[in-house]
file protein.txt (compact mmCIF, C-alpha atoms)
# COMPACT_ATOMS: atom_id res chain seq x y z
CA MET G 1 80.08 -46.11 -36.17
CA LYS G 2 82.35 -48.86 -34.88
CA LYS G 3 80.30 -51.35 -36.83
CA ILE G 4 80.79 -49.42 -40.05
CA ILE G 5 84.54 -49.25 -39.54
CA VAL G 6 84.78 -52.97 -38.79
CA THR G 7 82.65 -53.82 -41.81
CA SER G 8 84.68 -51.64 -44.13
CA MET G 9 87.89 -53.15 -42.78
CA LEU G 10 86.58 -56.64 -43.48
CA VAL G 11 85.64 -55.62 -47.01
CA THR G 12 89.11 -54.18 -47.57
CA LEU G 13 90.80 -57.27 -46.17
CA SER G 14 88.77 -59.69 -48.25
CA PHE G 15 89.37 -57.70 -51.42
CA GLY G 16 92.45 -59.44 -52.79
CA SER G 17 93.88 -60.34 -56.14
CA THR G 18 92.16 -62.65 -58.63
CA VAL G 19 94.09 -65.63 -57.35
CA ASP G 20 93.30 -64.83 -53.70
CA GLU G 21 89.62 -64.59 -54.53
CA PHE G 22 89.82 -67.85 -56.42
CA LEU G 23 91.55 -69.55 -53.48
CA ASP G 24 88.83 -68.21 -51.17
CA SER G 25 86.12 -69.72 -53.36
CA LEU G 26 87.97 -73.05 -53.33
CA LYS G 27 88.28 -72.84 -49.55
CA GLU G 28 84.52 -72.33 -49.23
CA GLU G 29 83.97 -75.40 -51.36
CA VAL G 30 86.34 -77.52 -49.26
CA LEU G 31 84.62 -76.36 -46.06
CA LYS G 32 81.32 -77.70 -47.35
CA THR G 33 82.57 -81.23 -46.83
CA ASP G 34 85.41 -80.76 -44.32
CA LEU G 35 84.61 -78.43 -41.43
CA SER G 36 88.03 -78.96 -39.85
CA PHE G 37 89.84 -77.58 -42.94
CA LYS G 38 92.28 -74.80 -42.06
CA SER G 39 94.34 -73.82 -45.08
CA PHE G 40 95.83 -75.01 -48.34
CA ASP G 41 99.21 -76.62 -48.11
CA TYR G 42 102.40 -75.94 -50.07
CA GLN G 43 103.83 -79.42 -49.43
CA ARG G 44 100.71 -81.22 -50.60
CA GLY G 45 100.69 -78.93 -53.62
CA GLU G 46 104.30 -79.77 -54.41
CA ASN G 47 103.46 -83.45 -54.34
CA ILE G 48 100.50 -82.90 -56.67
CA PHE G 49 102.74 -80.98 -59.06
CA LEU G 50 105.76 -83.29 -59.06
CA SER G 51 104.31 -86.79 -58.67
CA LYS G 52 103.92 -88.84 -61.84
CA HIS G 53 100.70 -90.44 -63.00
CA ILE G 54 99.39 -92.31 -66.01
CA GLY G 55 97.84 -89.39 -67.84
CA LYS G 56 95.14 -89.12 -70.44
CA LYS G 57 97.51 -90.34 -73.15
CA GLY G 58 98.54 -93.44 -71.20
CA GLU G 59 102.00 -92.06 -70.51
CA LEU G 60 103.59 -91.53 -67.08
CA VAL G 61 103.69 -87.73 -66.67
CA SER G 62 103.58 -85.00 -64.04
CA CYS G 63 102.75 -81.30 -64.24
CA ALA G 64 106.51 -80.74 -64.42
CA SER G 65 106.70 -82.77 -67.66
CA CYS G 66 105.45 -79.65 -69.45
CA HIS G 67 106.07 -76.85 -66.92
CA GLY G 68 109.52 -77.96 -65.73
CA THR G 69 110.69 -77.87 -62.13
CA ASP G 70 111.99 -74.28 -62.18
CA LEU G 71 108.72 -72.40 -62.45
CA SER G 72 110.49 -69.09 -63.04
CA LYS G 73 111.69 -70.36 -66.43
CA ALA G 74 109.89 -71.09 -69.68
CA SER G 75 109.46 -74.76 -70.51
CA GLN G 76 108.24 -76.97 -73.34
CA ASN G 77 105.06 -78.93 -74.00
CA HIS G 78 106.11 -82.57 -73.50
CA PHE G 79 104.23 -83.75 -76.57
CA THR G 80 104.37 -80.88 -79.10
CA GLY G 81 107.57 -79.11 -78.03
CA LYS G 82 105.81 -75.75 -78.03
CA THR G 83 107.30 -73.21 -75.62
CA ILE G 84 105.27 -72.62 -72.47
CA ASP G 85 105.90 -69.31 -70.69
CA ALA G 86 107.03 -69.41 -67.06
CA LEU G 87 104.23 -70.56 -64.73
CA SER G 88 105.29 -68.59 -61.66
CA PRO G 89 103.49 -65.26 -61.32
CA LYS G 90 106.70 -63.93 -59.72
CA ALA G 91 108.47 -64.38 -63.06
CA ASN G 92 105.46 -63.98 -65.34
CA PRO G 93 102.97 -61.41 -64.00
CA LYS G 94 100.33 -62.48 -66.55
CA ARG G 95 99.84 -65.77 -64.72
CA PHE G 96 96.84 -66.22 -62.40
CA THR G 97 95.27 -62.89 -63.33
CA GLU G 98 92.11 -64.20 -64.98
CA LYS G 99 89.64 -66.54 -63.28
CA LYS G 100 88.48 -68.00 -66.59
CA GLU G 101 92.06 -68.92 -67.56
CA ILE G 102 92.84 -70.44 -64.15
CA GLU G 103 89.73 -72.63 -64.30
CA LYS G 104 90.35 -73.65 -67.90
CA TRP G 105 93.90 -74.83 -67.34
CA LEU G 106 93.25 -76.56 -64.01
CA LYS G 107 90.46 -78.58 -65.60
CA ARG G 108 92.51 -79.45 -68.68
CA ASN G 109 95.76 -80.20 -66.94
CA PHE G 110 94.30 -82.33 -64.14
CA ASN G 111 92.65 -84.36 -66.89
CA ASP G 112 95.90 -84.55 -68.82
CA VAL G 113 98.03 -85.68 -65.87
CA TYR G 114 95.56 -87.37 -63.49
CA ASN G 115 93.00 -88.47 -66.06
CA ARG G 116 90.29 -86.87 -63.90
CA GLU G 117 89.40 -83.41 -62.68
CA GLY G 118 91.01 -82.09 -59.51
CA SER G 119 89.11 -81.61 -56.24
CA ALA G 120 88.79 -78.16 -54.68
CA LEU G 121 91.39 -79.18 -52.09
CA GLU G 122 93.86 -80.37 -54.73
CA LYS G 123 93.38 -77.24 -56.83
CA GLY G 124 93.94 -74.98 -53.82
CA ASP G 125 97.03 -76.89 -52.77
CA VAL G 126 98.64 -76.91 -56.19
CA ILE G 127 97.94 -73.18 -56.74
CA THR G 128 99.45 -72.44 -53.33
CA TYR G 129 102.57 -74.30 -54.40
CA ILE G 130 102.81 -72.61 -57.81
CA ILE G 131 102.34 -69.02 -56.64
CA ASN G 132 104.70 -69.35 -53.69
CA LYS G 133 107.54 -71.41 -55.14
CA MET O 1 127.32 -51.58 -112.66
CA LYS O 2 123.77 -50.93 -113.81
CA LYS O 3 123.57 -54.54 -114.92
CA ILE O 4 124.60 -55.78 -111.50
CA VAL O 5 121.98 -53.64 -109.80
CA LEU O 6 119.38 -54.82 -112.26
CA LEU O 7 120.37 -58.44 -111.68
CA GLY O 8 120.11 -57.87 -107.97
CA VAL O 9 116.67 -56.40 -108.31
CA ILE O 10 115.49 -59.22 -110.55
CA SER O 11 116.85 -61.95 -108.30
CA SER O 12 115.35 -60.40 -105.19
CA LEU O 13 112.02 -60.14 -107.01
CA LEU O 14 112.29 -63.80 -107.98
CA PHE O 15 113.15 -64.73 -104.43
CA ALA O 16 110.23 -62.74 -103.10
CA ALA O 17 107.94 -64.45 -105.59
CA SER O 18 109.09 -67.88 -104.46
CA LEU O 19 108.27 -66.96 -100.87
CA ARG O 20 104.72 -66.08 -101.68
CA VAL O 21 101.90 -66.50 -99.22
CA SER O 22 100.16 -69.70 -100.23
CA ILE O 23 97.71 -69.96 -97.36
CA LYS O 24 95.86 -67.29 -95.40
CA PRO O 25 97.75 -66.55 -92.17
CA VAL O 26 95.76 -66.67 -88.92
CA ASP O 27 94.12 -63.29 -88.34
CA ASN O 28 92.07 -63.88 -85.20
CA ALA O 29 93.64 -63.09 -81.82
CA ILE O 30 91.35 -65.41 -79.84
CA TYR O 31 92.01 -68.32 -82.18
CA GLU O 32 95.75 -67.60 -82.03
CA LYS O 33 95.72 -67.60 -78.22
CA GLU O 34 93.38 -70.54 -77.61
CA CYS O 35 94.80 -72.89 -80.23
CA GLY O 36 98.34 -71.59 -80.17
CA SER O 37 99.11 -72.18 -76.51
CA CYS O 38 99.87 -75.89 -76.99
CA HIS O 39 100.87 -76.04 -80.65
CA PHE O 40 101.33 -73.94 -83.79
CA ALA O 41 98.05 -72.11 -84.44
CA TYR O 42 97.27 -73.78 -87.77
CA PRO O 43 95.81 -71.57 -90.50
CA ALA O 44 92.10 -72.39 -90.90
CA GLY O 45 92.66 -72.95 -94.63
CA LEU O 46 94.53 -76.18 -93.87
CA LEU O 47 91.34 -78.20 -93.38
CA PRO O 48 87.83 -78.22 -94.85
CA SER O 49 85.05 -77.09 -92.52
CA ASN O 50 83.62 -80.58 -92.02
CA ALA O 51 86.99 -81.70 -90.64
CA TRP O 52 87.26 -78.68 -88.33
CA ASN O 53 83.74 -79.29 -87.07
CA LYS O 54 84.52 -82.95 -86.35
CA MET O 55 87.61 -81.87 -84.41
CA MET O 56 85.76 -79.17 -82.46
CA LEU O 57 83.18 -81.72 -81.28
CA ASN O 58 85.96 -83.80 -79.72
CA LEU O 59 87.93 -81.16 -77.82
CA ASP O 60 87.72 -83.22 -74.61
CA ASP O 61 89.94 -85.76 -76.34
CA HIS O 62 92.01 -83.60 -78.68
CA PHE O 63 94.76 -85.97 -79.84
CA GLY O 64 94.75 -87.34 -76.30
CA ASP O 65 94.65 -83.98 -74.53
CA ASP O 66 91.82 -82.08 -72.87
CA ALA O 67 91.46 -78.95 -74.99
CA THR O 68 87.96 -77.95 -73.90
CA VAL O 69 86.94 -74.28 -74.00
CA ASP O 70 83.93 -72.41 -72.60
CA ASP O 71 80.82 -71.96 -74.77
CA ASP O 72 81.57 -68.40 -75.87
CA THR O 73 85.09 -69.29 -76.96
CA PHE O 74 83.77 -72.40 -78.71
CA GLN O 75 81.41 -70.28 -80.82
CA ILE O 76 84.15 -67.80 -81.73
CA LEU O 77 86.59 -70.54 -82.76
CA SER O 78 83.99 -72.52 -84.70
CA SER O 79 82.78 -69.56 -86.66
CA TYR O 80 86.34 -68.43 -87.46
CA LEU O 81 87.25 -71.91 -88.70
CA ASN O 82 84.10 -72.23 -90.78
CA LEU O 83 84.51 -68.82 -92.41
CA ASN O 84 88.15 -69.45 -93.33
CA SER O 85 88.32 -73.21 -93.97
CA ALA O 86 90.08 -74.66 -97.01
CA GLU O 87 87.07 -74.68 -99.35
CA LYS O 88 86.39 -71.02 -98.52
CA SER O 89 90.02 -70.01 -99.13
CA LYS O 90 90.60 -71.45 -102.60
CA GLN O 91 92.22 -68.24 -103.79
CA TYR O 92 95.22 -69.54 -101.80
CA LYS O 93 97.18 -72.27 -103.58
CA ARG O 94 97.60 -74.66 -100.65
CA SER O 95 93.96 -74.53 -99.61
CA ARG O 96 92.93 -75.21 -103.20
CA LYS O 97 95.28 -78.20 -103.45
CA ILE O 98 94.09 -79.55 -100.12
CA VAL O 99 90.49 -79.49 -101.29
CA GLU O 100 91.39 -81.03 -104.67
CA ASN O 101 93.15 -83.95 -102.96
CA LEU O 102 90.56 -84.82 -100.34
CA ASN O 103 88.94 -87.63 -102.37
CA ARG O 104 85.77 -87.10 -100.38
CA SER O 105 87.47 -87.96 -97.09
CA ILE O 106 86.93 -85.96 -93.91
CA PRO O 107 90.47 -85.87 -92.45
CA ASN O 108 91.01 -86.43 -88.72
CA SER O 109 94.10 -84.23 -88.72
CA ILE O 110 96.17 -81.96 -90.91
CA SER O 111 99.19 -84.25 -90.87
CA THR O 112 97.29 -87.34 -92.04
CA MET O 113 95.40 -85.69 -94.88
CA PRO O 114 96.24 -86.88 -98.45
CA TYR O 115 97.82 -83.66 -99.77
CA ILE O 116 100.04 -83.14 -96.71
CA LYS O 117 101.17 -86.78 -96.74
CA LYS O 118 101.98 -86.56 -100.45
CA LYS O 119 103.97 -83.34 -100.05
CA HIS O 120 106.12 -84.89 -97.28
CA GLU O 121 106.67 -88.40 -98.67
CA LYS O 122 110.23 -87.71 -99.88
CA ILE O 123 111.44 -86.75 -96.41
CA LYS O 124 113.20 -89.51 -94.51
CA GLU O 125 111.18 -90.78 -91.55
CA HIS O 126 113.93 -90.13 -88.96
CA LEU O 127 114.03 -86.43 -89.92
CA ILE O 128 110.33 -86.20 -89.14
CA THR O 129 110.39 -88.18 -85.89
CA GLN O 130 113.59 -86.60 -84.49
CA LYS O 131 113.11 -84.67 -81.26
CA GLU O 132 113.56 -81.28 -82.91
CA VAL O 133 110.54 -81.97 -85.12
CA ARG O 134 108.48 -84.77 -83.49
CA GLY O 135 105.98 -85.14 -86.31
CA LEU O 136 104.36 -83.60 -89.36
CA PHE O 137 102.07 -81.65 -87.03
CA ASN O 138 104.99 -79.38 -86.15
CA CYS O 139 104.98 -77.13 -89.25
CA THR O 140 107.22 -74.45 -87.78
CA ALA O 141 110.08 -76.87 -87.06
CA CYS O 142 111.03 -76.69 -90.76
CA HIS O 143 108.79 -74.13 -92.47
CA GLN O 144 110.43 -71.03 -91.07
CA ASN O 145 107.69 -68.63 -92.10
CA ALA O 146 104.68 -70.90 -91.70
CA LYS O 147 103.11 -68.30 -89.46
CA LYS O 148 103.07 -65.90 -92.41
CA GLY O 149 101.37 -68.48 -94.61
CA ILE O 150 104.59 -69.30 -96.49
CA PHE O 151 105.25 -72.98 -97.27
CA SER O 152 107.64 -72.65 -100.24
CA ASP O 153 110.46 -75.18 -100.73
CA GLU O 154 112.96 -72.32 -100.45
CA ASP O 155 111.78 -71.53 -96.94
CA ILE O 156 112.35 -75.05 -95.59
CA ASP O 157 115.20 -75.66 -93.15
CA ILE O 158 115.09 -79.16 -91.65
CA PRO O 159 116.94 -79.60 -88.33
CA ASN O 160 120.05 -81.80 -88.72
CA TYR O 161 119.65 -81.73 -92.49
CA GLY O 162 119.50 -78.15 -93.68
CA LYS O 163 117.90 -76.37 -96.58
CA TRP O 164 115.60 -78.57 -98.60
CA GLU O 165 116.11 -76.88 -102.01
CA LYS O 166 119.90 -77.45 -102.10
CA LYS O 167 119.79 -81.23 -102.07

call {"tool": "encode", "arguments": {"input": "protein.txt", "output": "structure tokens"}}
result
Amino acid sequence: MKKIIVTSMLVTLSFGSTVDEFLDSLKEEVLKTDLSFKSFDYQRGENIFLSKHIGKKGELVSCASCHGTDLSKASQNHFTGKTIDALSPKANPKRFTEKKEIEKWLKRNFNDVYNREGSALEKGDVITYIINK
Amino acid sequence: MKKIVLLGVISSLLFAASLRVSIKPVDNAIYEKECGSCHFAYPAGLLPSNAWNKMMLNLDDHFGDDATVDDDTFQILSSYLNLNSAEKSKQYKRSRKIVENLNRSIPNSISTMPYIKKKHEKIKEHLITQKEVRGLFNCTACHQNAKKGIFSDEDIDIPNYGKWEKK
């Protein structure tokens, strides 16, 4: 009986939101190559988000070039001027609710800013920053 | 009094006629979402299908950006574009003109295609490159009802210049 209770508790605990599940899958991936890994880091994520790099278009940009530095506010695409809704899920509940969307934009935007895809560690860190800021 | 009312009716009819829909507005929610998150979701009737197909095969370098989509989305977007491309929408004036002016070219973009270049040649360069517009790709900066498929002169309002028809 105890076993059943413990198992059901574990199931309940591990059943989180889409973004929690996604972070868990990233954590598993990081652990494959780094057994000492503990958790994703807000500070590292902030640095990933705010530091500037020569992006895919050859211009020095950061994630904030399009998303701004106040993630609770809408911003503008640096190149087209199109409005981008607030990135923070605290201000915009639609954010980070669909795995497919999270994966699509991480792939695209790492390529746009870093000119390469992000590692599991980088993705986990930057998401941790975005959802907690 | 009757005359005034009649005049009003006639002029509003004329005005409505001048704001006619000259290209088929986007009517696909997935297309609108996927293509409209970074820029104006261009009506499919703005390019012939061979140009759309060329563009879709290069989504990893879409005007310098990564615009890749998953396979399912790719199929949905491709089929929408092919079913509604310029040569399939010739009942709309702009699509017809676009096709007529292609001169057998397969355009790389909407803003560099012959008909679009011709239609914008009278506009001073600085009005196009100014930060409120940025380039010919930004239809909605001046064509206020572009989303509804309206591209009439009367509907143009250029930032830092004003209505196009008056001048």

call {"tool": "interface_residues", "arguments": {"input": "protein.txt", "of": "chain G", "to": "chain O", "cutoff": "9 Å", "atoms": "all atoms listed in the file", "output": "number ranges by chain"}}
result
G: 56-58, 77, 79-84, 100, 104, 107-109, 111-112

call {"tool": "write_last_selection", "arguments": {"input": "protein.txt", "atoms": "C-alpha atoms", "output": "compact mmCIF listing (two decimals), in the coordinates of the input"}}
result
# COMPACT_ATOMS: atom_id res chain seq x y z
CA LYS G 56 95.14 -89.12 -70.44
CA LYS G 57 97.51 -90.34 -73.15
CA GLY G 58 98.54 -93.44 -71.20
CA ASN G 77 105.06 -78.93 -74.00
CA PHE G 79 104.23 -83.75 -76.57
CA THR G 80 104.37 -80.88 -79.10
CA GLY G 81 107.57 -79.11 -78.03
CA LYS G 82 105.81 -75.75 -78.03
CA THR G 83 107.30 -73.21 -75.62
CA ILE G 84 105.27 -72.62 -72.47
CA LYS G 100 88.48 -68.00 -66.59
CA LYS G 104 90.35 -73.65 -67.90
CA LYS G 107 90.46 -78.58 -65.60
CA ARG G 108 92.51 -79.45 -68.68
CA ASN G 109 95.76 -80.20 -66.94
CA ASN G 111 92.65 -84.36 -66.89
CA ASP G 112 95.90 -84.55 -68.82

call {"tool": "closest_residue", "arguments": {"input": "protein.txt", "among": "G:Lys27, G:Lys123, G:Lys94, G:Lys99", "to": "Glu46 in chain G", "atoms": "all atoms listed in the file"}}
result
G:Lys123

call {"tool": "residues_around", "arguments": {"input": "protein.txt", "residues": "range 103-108 of chain O", "least_positions_apart": "3", "cutoff": "9 Å", "atoms": "all atoms listed in the file", "output": "list in words"}}
result
Leu47, Pro48, Asn50, Ala51, Trp52, Lys54, Met55, Val99, Glu100, Ser111, Thr112, Met113 and Pro114 of chain O

call {"tool": "atom_distance", "arguments": {"input": "protein.txt", "atom1": "CA of Tyr31 in chain O", "atom2": "CA of Ile76 in chain O"}}
result
7.9 Å

call {"tool": "residues_around", "arguments": {"input": "protein.txt", "residues": "Pro43 in chain O", "least_positions_apart": "2", "cutoff": "7 Å", "atoms": "all atoms listed in the file", "output": "VMD selection string"}}
result
chain O and resid 24 to 26 41 45 to 46

call {"tool": "write_last_selection", "arguments": {"input": "protein.txt", "atoms": "C-alpha atoms", "output": "compact mmCIF listing (two decimals), in the coordinates of the input"}}
result
# COMPACT_ATOMS: atom_id res chain seq x y z
CA LYS O 24 95.86 -67.29 -95.40
CA PRO O 25 97.75 -66.55 -92.17
CA VAL O 26 95.76 -66.67 -88.92
CA ALA O 41 98.05 -72.11 -84.44
CA GLY O 45 92.66 -72.95 -94.63
CA LEU O 46 94.53 -76.18 -93.87

call {"tool": "residues_around", "arguments": {"input": "protein.txt", "residues": "range 146-155 of chain O", "least_positions_apart": "4", "cutoff": "7 Å", "atoms": "only C-alpha atoms", "output": "list in words"}}
result
Ser18, Leu19, Arg20, Val21, Ser22, Ile23, Lys24, Pro25, Cys139, Thr140, Trp164 and Glu165 of chain O

call {"tool": "residues_around", "arguments": {"input": "protein.txt", "residues": "Phe49 in chain G", "least_positions_apart": "5", "cutoff": "12 Å", "atoms": "all atoms listed in the file", "output": "NGL selection string"}}
result
:G and (42-44 or 61-71 or 87 or 106 or 109-110 or 113-114 or 118 or 122-130 or 133)

call {"tool": "atom_distance", "arguments": {"input": "protein.txt", "atom1": "CA of Ser75 in chain G", "atom2": "CA of Gln144 in chain O"}}
result
20.9 Å

call {"tool": "atom_distance", "arguments": {"input": "protein.txt", "atom1": "CA of Ser49 in chain O", "atom2": "CA of Lys122 in chain O"}}
result
28.3 Å

call {"tool": "decode", "arguments": {"input": "protein.txt", "residues": "range 95-124 of chain G", "atoms": "N, CA and C atoms", "output": "compact mmCIF listing (two decimals), in the first residue's frame"}}
result
# COMPACT_ATOMS: atom_id res chain seq x y z
N ARG G 95 2.13 32.15 -23.70
CA ARG G 95 3.53 31.76 -23.89
C ARG G 95 3.85 30.46 -23.18
N PHE G 96 4.70 29.67 -23.80
CA PHE G 96 5.22 28.41 -23.23
C PHE G 96 4.11 27.42 -22.87
N THR G 97 3.07 27.38 -23.68
CA THR G 97 1.98 26.43 -23.41
C THR G 97 1.98 25.27 -24.40
N GLU G 98 2.78 25.39 -25.46
CA GLU G 98 2.78 24.35 -26.49
C GLU G 98 4.21 23.93 -26.80
N LYS G 99 4.49 22.65 -26.62
CA LYS G 99 5.85 22.14 -26.83
C LYS G 99 6.38 22.45 -28.24
N LYS G 100 5.49 22.23 -29.22
CA LYS G 100 5.87 22.45 -30.61
C LYS G 100 6.33 23.89 -30.85
N GLU G 101 5.59 24.84 -30.25
CA GLU G 101 5.93 26.26 -30.41
C GLU G 101 7.25 26.58 -29.72
N ILE G 102 7.44 26.04 -28.50
CA ILE G 102 8.67 26.31 -27.76
C ILE G 102 9.87 25.83 -28.57
N GLU G 103 9.77 24.61 -29.09
CA GLU G 103 10.88 24.04 -29.86
C GLU G 103 11.15 24.84 -31.14
N LYS G 104 10.05 25.22 -31.81
CA LYS G 104 10.20 25.96 -33.06
C LYS G 104 10.97 27.27 -32.86
N TRP G 105 10.54 28.02 -31.85
CA TRP G 105 11.15 29.35 -31.66
C TRP G 105 12.55 29.27 -31.08
N LEU G 106 12.82 28.29 -30.22
CA LEU G 106 14.18 28.15 -29.70
C LEU G 106 15.15 27.85 -30.83
N LYS G 107 14.74 26.94 -31.70
CA LYS G 107 15.61 26.58 -32.84
C LYS G 107 15.85 27.80 -33.72
N ARG G 108 14.75 28.46 -34.10
CA ARG G 108 14.87 29.62 -34.99
C ARG G 108 15.71 30.73 -34.36
N ASN G 109 15.36 31.08 -33.13
CA ASN G 109 15.97 32.26 -32.55
C ASN G 109 17.42 32.06 -32.12
N PHE G 110 17.80 30.84 -31.72
CA PHE G 110 19.22 30.59 -31.49
C PHE G 110 19.96 30.76 -32.81
N ASN G 111 19.41 30.23 -33.88
CA ASN G 111 20.04 30.41 -35.19
C ASN G 111 20.13 31.89 -35.56
N ASP G 112 19.08 32.63 -35.30
CA ASP G 112 19.06 34.05 -35.67
C ASP G 112 20.09 34.86 -34.89
N VAL G 113 20.24 34.58 -33.60
CA VAL G 113 21.12 35.38 -32.76
C VAL G 113 22.52 34.77 -32.64
N TYR G 114 22.61 33.46 -32.50
CA TYR G 114 23.90 32.80 -32.28
C TYR G 114 24.47 32.14 -33.54
N ASN G 115 23.65 32.13 -34.59
CA ASN G 115 24.05 31.50 -35.83
C ASN G 115 24.34 30.01 -35.67
N ARG G 116 23.72 29.40 -34.69
CA ARG G 116 23.80 27.95 -34.45
C ARG G 116 22.65 27.59 -33.53
N GLU G 117 22.36 26.30 -33.43
CA GLU G 117 21.30 25.91 -32.50
C GLU G 117 21.82 25.93 -31.07
N GLY G 118 20.92 26.07 -30.12
CA GLY G 118 21.31 26.09 -28.71
C GLY G 118 21.47 24.68 -28.16
N SER G 119 22.32 24.53 -27.14
CA SER G 119 22.45 23.22 -26.48
C SER G 119 21.30 23.06 -25.50
N ALA G 120 21.12 21.84 -25.00
CA ALA G 120 20.05 21.60 -24.03
C ALA G 120 20.25 22.48 -22.79
N LEU G 121 21.51 22.62 -22.37
CA LEU G 121 21.81 23.45 -21.20
C LEU G 121 21.43 24.91 -21.45
N GLU G 122 21.82 25.43 -22.61
CA GLU G 122 21.51 26.83 -22.94
C GLU G 122 20.00 27.05 -23.03
N LYS G 123 19.30 26.11 -23.65
CA LYS G 123 17.85 26.25 -23.78
C LYS G 123 17.19 26.27 -22.40
N GLY G 124 17.61 25.35 -21.53
CA GLY G 124 17.05 25.28 -20.19
C GLY G 124 17.32 26.55 -19.39
